[in-house]
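> Have a look at the structure that comes next, please.
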Amino acid sequence: MTRELEVRREQDLPATPEQVWDAVATGAGNLGWLYPMEVEPRVGGKATRGDSTVVAWEPPHHFAVRATQDGGFSNTLTYRIEPADGGTSHLRMGIHWVHTGVVDDSWNWDTKADAAEKHVDFYQHSLPEYLTHFAGRPAVYVRAARAERTDDPADFAALRRRLGLADGTAVGDRLSLDLPGTDGGPTEVVVDWLSPDFLGLRGPDALYRFFNGSSWNWPIWLGHHLFAEDTDEELATKAWNAWLNGA
């Protein structure tokens, strides 16, 4: 039996189609808001997103990659970029899962589908944050994760408190936080996303992203985009790993 999932989003972006293309269809751009994904720039080229293949390459308007797995599963990520007024753009993006094999309880389809929907919303929010504040700046991507899984939402609430967020913190609040891997005292940040599943903070040289794995019985993890020219990726990764795991 074939089973499918489609997640589609549209948004206006404060950048030209060429700038949006660079953000979504190049390795350097993806580091600034998504996750590391190198792209070979041609139809049939490879992309490092689950060993994907480029299936559409029409700069700066249409880009798509498709990954396939054993068991009849494919996952296609598509972007369509249209020019809009005043040097801005309109983006239509989507993911399309197709599973032609057996989908049993071990595949956790409903859990993965819920996670996909919510992660798309969070990433598509990060894209205009990047385009507005950091477009074109080289980024270092720092990832860290806890070793254990969790299904307790209180763990993510405790993480927010460790960062210095009060229970009444809201999107748009400006905070002064002591963050791992930074020198020179507290860092001024803006809360740009706050939900039970994700936390987003924007600093003068970073987008800090925290993911609540407990929503899907996964480990809590983080994926930060650091734009300071003197960022040491190894030191930053060690600092955030130590902090996330309680050291």
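Going through the structure tokens in order, the chains are called A, B, and so on, while each chain numbers its residues from 1 and the ligands are numbered from 1 in the order shown.
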Within 8 Å of Ser89 of chain A, counting only C-alpha atoms, which residues show up once you throw out same-chain ones fewer than 4 positions away? Write them as JSON, numbers by chain, please.
{"A": [12, 13, 14, 15, 16, 17, 20, 81, 82, 83, 84, 85]}
> Show me, as CSV, the residues of segment 28-109 of chain A having an atom within 12 Å of segment 197-206 of chain A, each with the closest atom pair and its distance in Å, using only C-alpha atoms.

```
residue,atom,partner,partner_atom,distance
A:Leu31,CA,A:Ala206,CA,11.5
A:Gly32,CA,A:Ala206,CA,9.0
A:Trp33,CA,A:Ala206,CA,9.9
```
> Identify, on the basis of only C-alpha atoms, every residue whose closest approach to segment 209-219 of chain A does not exceed 9 Å; exclude the query and any residue fewer than 5 positions from it along the same chain; express the result as JSON, numbers by chain.
{"A": [111, 112, 114, 115, 145, 146, 147, 148, 149, 150, 151, 152, 153, 154, 155, 156, 196, 197, 198, 199, 200, 201, 202, 224, 225]}
> Limited to N, CA, C and O atoms, could you put the picked residues into a file as a compact mmCIF listing (two decimals), in the first residue's frame?

```
# COMPACT_ATOMS: atom_id res chain seq x y z
N THR A 111 4.52 9.76 14.03
CA THR A 111 5.48 10.56 14.78
C THR A 111 6.40 11.32 13.84
O THR A 111 6.65 12.52 14.01
N LYS A 112 6.91 10.65 12.81
CA LYS A 112 7.80 11.30 11.87
C LYS A 112 7.08 12.37 11.06
O LYS A 112 7.66 13.43 10.76
N ASP A 114 4.50 14.21 12.11
CA ASP A 114 4.32 15.35 13.00
C ASP A 114 5.62 16.14 13.15
O ASP A 114 5.61 17.38 13.08
N ALA A 115 6.72 15.43 13.30
CA ALA A 115 8.02 16.10 13.41
C ALA A 115 8.35 16.85 12.13
O ALA A 115 8.86 17.98 12.18
N ALA A 145 24.19 17.17 20.75
CA ALA A 145 23.01 16.41 21.15
C ALA A 145 23.28 15.69 22.46
O ALA A 145 24.42 15.34 22.78
N ARG A 146 22.22 15.49 23.21
CA ARG A 146 22.32 14.64 24.39
C ARG A 146 22.37 13.18 23.96
O ARG A 146 21.82 12.80 22.93
N ALA A 147 23.01 12.38 24.77
CA ALA A 147 23.16 10.98 24.42
C ALA A 147 21.86 10.21 24.57
O ALA A 147 21.59 9.28 23.80
N GLU A 148 21.04 10.61 25.54
CA GLU A 148 19.85 9.83 25.84
C GLU A 148 18.60 10.45 25.23
O GLU A 148 18.52 11.66 25.02
N ARG A 149 17.63 9.59 24.94
CA ARG A 149 16.32 10.06 24.50
C ARG A 149 15.52 10.48 25.72
O ARG A 149 15.83 10.12 26.85
N THR A 150 14.46 11.27 25.45
CA THR A 150 13.60 11.69 26.54
C THR A 150 12.19 11.86 26.02
O THR A 150 11.98 12.18 24.85
N ASP A 151 11.22 11.60 26.87
CA ASP A 151 9.83 11.89 26.52
C ASP A 151 9.19 12.82 27.55
O ASP A 151 7.98 12.92 27.66
N ASP A 152 10.04 13.53 28.30
CA ASP A 152 9.57 14.41 29.37
C ASP A 152 9.71 15.87 28.92
O ASP A 152 10.83 16.38 28.82
N PRO A 153 8.58 16.57 28.65
CA PRO A 153 8.67 17.98 28.23
C PRO A 153 9.37 18.87 29.25
O PRO A 153 9.88 19.93 28.89
N ALA A 154 9.38 18.46 30.51
CA ALA A 154 10.02 19.27 31.54
C ALA A 154 11.52 19.43 31.27
O ALA A 154 12.13 20.41 31.71
N ASP A 155 12.12 18.49 30.55
CA ASP A 155 13.55 18.58 30.25
C ASP A 155 13.86 19.80 29.39
O ASP A 155 14.88 20.46 29.58
N PHE A 156 13.00 20.09 28.43
CA PHE A 156 13.24 21.25 27.56
C PHE A 156 12.95 22.55 28.31
O PHE A 156 13.64 23.55 28.11
N PRO A 196 6.72 24.85 22.57
CA PRO A 196 7.12 23.64 23.31
C PRO A 196 8.15 22.79 22.58
O PRO A 196 8.85 22.00 23.21
N ASP A 197 8.25 22.95 21.26
CA ASP A 197 9.11 22.08 20.47
C ASP A 197 10.46 22.68 20.10
O ASP A 197 11.42 21.95 19.86
N PHE A 198 10.53 24.03 20.04
CA PHE A 198 11.74 24.68 19.56
C PHE A 198 11.97 26.00 20.30
O PHE A 198 11.03 26.62 20.79
N LEU A 199 13.23 26.41 20.29
CA LEU A 199 13.61 27.73 20.80
C LEU A 199 14.58 28.34 19.81
O LEU A 199 15.56 27.71 19.41
N GLY A 200 14.32 29.59 19.42
CA GLY A 200 15.22 30.31 18.54
C GLY A 200 15.65 31.62 19.17
O GLY A 200 14.81 32.39 19.66
N LEU A 201 16.95 31.86 19.19
CA LEU A 201 17.52 33.11 19.69
C LEU A 201 18.39 33.70 18.59
O LEU A 201 19.16 32.98 17.95
N ARG A 202 18.26 35.01 18.39
CA ARG A 202 19.11 35.69 17.41
C ARG A 202 20.05 36.64 18.11
O ARG A 202 19.62 37.56 18.82
N HIS A 224 23.32 25.37 15.78
CA HIS A 224 23.53 26.81 15.75
C HIS A 224 24.24 27.25 14.46
O HIS A 224 25.06 26.50 13.90
N HIS A 225 23.95 28.47 14.05
CA HIS A 225 24.58 29.07 12.88
C HIS A 225 25.37 30.28 13.36
O HIS A 225 24.78 31.29 13.79
```
> Looking at only C-alpha atoms, which of A:Gly87, A:Gly72, A:Pro186, A:Gly136 is the one that sits closest to Thr26 of chain A?
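Ranking A:Gly87, A:Gly72, A:Pro186, A:Gly136 by distance to Thr26 of chain A, first place goes to A:Gly136.
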> Identify which of the residues A:Val65, A:Val54, A:Leu127, A:Val98 lies closest to Gln19 of chain A, counting only C-alpha atoms when measuring atom-to-atom distances.
A:Leu127
> Give the alpha helix (DSSP H) residues of segment 84-145 of chain A, as assigned by DSSP on the backbone, as a ChimeraX atom specification.
/A:109-133
> Hey, can you spit out that residue selection with C-alpha atoms as a short mmCIF file (atom, residue, chain, number, x, y, z; two decimals), in the first residue's frame?

```cif
data_model
loop_
_atom_site.label_atom_id
_atom_site.label_comp_id
_atom_site.auth_asym_id
_atom_site.auth_seq_id
_atom_site.Cartn_x
_atom_site.Cartn_y
_atom_site.Cartn_z
CA TRP A 109 4.93 7.19 10.44
CA ASP A 110 2.66 9.46 12.48
CA THR A 111 5.48 10.56 14.78
CA LYS A 112 7.80 11.30 11.87
CA ALA A 113 5.06 13.14 10.00
CA ASP A 114 4.32 15.35 13.00
CA ALA A 115 8.02 16.10 13.41
CA ALA A 116 8.36 16.92 9.71
CA GLU A 117 5.48 19.42 9.77
CA LYS A 118 6.83 21.23 12.82
CA HIS A 119 10.47 21.22 11.70
CA VAL A 120 9.46 22.73 8.35
CA ASP A 121 7.74 25.61 10.15
CA PHE A 122 10.78 26.27 12.32
CA TYR A 123 13.27 26.13 9.45
CA GLN A 124 11.09 28.28 7.19
CA HIS A 125 11.01 30.87 9.98
CA SER A 126 14.81 30.75 10.19
CA LEU A 127 15.20 31.44 6.47
CA PRO A 128 13.95 35.08 6.58
CA GLU A 129 15.85 35.59 9.83
CA TYR A 130 19.01 34.66 7.95
CA LEU A 131 18.14 36.68 4.85
CA THR A 132 17.28 39.78 6.89
CA HIS A 133 20.24 39.79 9.27
#
```
> Take atom CA of Asn241 of chain A and atom CA of Ile220 of chain A and report the distance between them in Å, one decimal.
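Taking atom CA of Asn241 of chain A and atom CA of Ile220 of chain A, their separation equals 11.3 Å.
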> So that I can see what lies close to Asp178 of chain A, please list as a PDB file with all heavy atoms, in the first residue's frame the residues with an atom at most 9 Å from it, counting only C-alpha atoms and leaving out residues fewer than 6 positions away in the same chain.

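The result, written out as around.pdb:
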```pdb
ATOM      1  N   LEU A 163      19.462  28.397  30.283  1.00  0.00           N
ATOM      2  CA  LEU A 163      19.939  29.468  29.412  1.00  0.00           C
ATOM      3  C   LEU A 163      19.734  30.835  30.043  1.00  0.00           C
ATOM      4  O   LEU A 163      20.462  31.779  29.736  1.00  0.00           O
ATOM      5  CB  LEU A 163      19.197  29.420  28.071  1.00  0.00           C
ATOM      6  CG  LEU A 163      19.717  28.427  27.032  1.00  0.00           C
ATOM      7  CD1 LEU A 163      18.721  28.313  25.884  1.00  0.00           C
ATOM      8  CD2 LEU A 163      21.083  28.848  26.504  1.00  0.00           C
ATOM      9  N   GLY A 164      18.717  30.949  30.887  1.00  0.00           N
ATOM     10  CA  GLY A 164      18.413  32.231  31.506  1.00  0.00           C
ATOM     11  C   GLY A 164      17.069  32.800  31.125  1.00  0.00           C
ATOM     12  O   GLY A 164      16.783  33.973  31.401  1.00  0.00           O
ATOM     13  N   GLY A 185      31.799  38.454  28.195  1.00  0.00           N
ATOM     14  CA  GLY A 185      30.608  38.698  28.987  1.00  0.00           C
ATOM     15  C   GLY A 185      29.333  38.279  28.295  1.00  0.00           C
ATOM     16  O   GLY A 185      29.349  37.586  27.274  1.00  0.00           O
ATOM     17  N   PRO A 186      28.187  38.708  28.834  1.00  0.00           N
ATOM     18  CA  PRO A 186      26.889  38.289  28.305  1.00  0.00           C
ATOM     19  C   PRO A 186      26.680  38.720  26.855  1.00  0.00           C
ATOM     20  O   PRO A 186      27.236  39.718  26.396  1.00  0.00           O
ATOM     21  CB  PRO A 186      25.887  38.985  29.233  1.00  0.00           C
ATOM     22  CG  PRO A 186      26.654  39.267  30.483  1.00  0.00           C
ATOM     23  CD  PRO A 186      28.068  39.542  30.040  1.00  0.00           C
ATOM     24  N   THR A 187      25.857  37.941  26.160  1.00  0.00           N
ATOM     25  CA  THR A 187      25.503  38.223  24.771  1.00  0.00           C
ATOM     26  C   THR A 187      24.066  38.720  24.718  1.00  0.00           C
ATOM     27  O   THR A 187      23.173  38.120  25.327  1.00  0.00           O
ATOM     28  CB  THR A 187      25.639  36.955  23.910  1.00  0.00           C
ATOM     29  OG1 THR A 187      26.992  36.491  23.964  1.00  0.00           O
ATOM     30  CG2 THR A 187      25.250  37.234  22.469  1.00  0.00           C
TER      31      THR A 187
END
```
> With only C-alpha atoms as the counted atoms, please give the residues lying no more than 10 Å from Thr169 of chain A, apart from itself and same-chain residues fewer than 5 positions off, as JSON, numbers by chain.
{"A": [160, 164, 174, 175, 191, 194]}
> Write to file, as a short mmCIF file (atom, residue, chain, number, x, y, z; two decimals), in the first residue's frame, the residues of the selection just made, with C-alpha atoms.

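Wrote it out as result_23.cif, contents follow:
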```cif
data_model
loop_
_atom_site.label_atom_id
_atom_site.label_comp_id
_atom_site.auth_asym_id
_atom_site.auth_seq_id
_atom_site.Cartn_x
_atom_site.Cartn_y
_atom_site.Cartn_z
CA ARG A 160 15.37 27.17 28.74
CA GLY A 164 18.41 32.23 31.51
CA ARG A 174 15.57 41.04 24.42
CA LEU A 175 17.79 39.20 26.87
CA VAL A 191 13.88 35.58 21.23
CA LEU A 194 9.44 30.04 21.33
#
```
> What is the distance, in Å and to one decimal place, between atom CA of Tyr79 of chain A and atom CA of Ala228 of chain A?
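Between atom CA of Tyr79 of chain A and atom CA of Ala228 of chain A the gap is 28.4 Å.
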> Per DSSP on the backbone, filter segment 131-246 of chain A down to the residues in strand (DSSP E or B) and report them as a PyMOL selection string.
chain A and resi 140-145+174-177+187-194+198-203+206-211+221-226
> Can you pull out every residue within 9 Å of Gly29 of chain A, counting only C-alpha atoms, but drop anything in the same chain fewer than 5 positions away, and send it as a list of chain:residue names?
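In the requested form, the answer reads A:Val20, A:Trp21, A:Asp22, A:Ala23, A:Val24, A:Leu34, A:Met37, A:Ala135, A:Gly136, A:Arg137, A:Pro138, A:Ala139.
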> Could you turn the residues from that selection into a file that holds C-alpha atoms, as a short mmCIF file (atom, residue, chain, number, x, y, z; two decimals), in the first residue's frame?

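Done, and the output landed in selection-v1.cif:
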```cif
data_model
loop_
_atom_site.label_atom_id
_atom_site.label_comp_id
_atom_site.auth_asym_id
_atom_site.auth_seq_id
_atom_site.Cartn_x
_atom_site.Cartn_y
_atom_site.Cartn_z
CA VAL A 20 17.06 33.25 -1.92
CA TRP A 21 18.56 30.79 -4.41
CA ASP A 22 21.98 31.16 -2.81
CA ALA A 23 20.41 30.48 0.59
CA VAL A 24 18.51 27.31 -0.37
CA LEU A 34 19.21 25.03 7.68
CA MET A 37 23.89 20.29 2.68
CA ALA A 135 22.61 37.01 4.16
CA GLY A 136 25.90 36.32 2.41
CA ARG A 137 27.95 36.03 5.59
CA PRO A 138 30.00 32.82 5.94
CA ALA A 139 28.59 30.59 8.66
#
```
> Just give me the gap between atom CA of Val140 of chain A and atom CA of Leu222 of chain A in Å, one decimal is fine.
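So the two atoms, atom CA of Val140 of chain A and atom CA of Leu222 of chain A, lie 13.5 Å apart.
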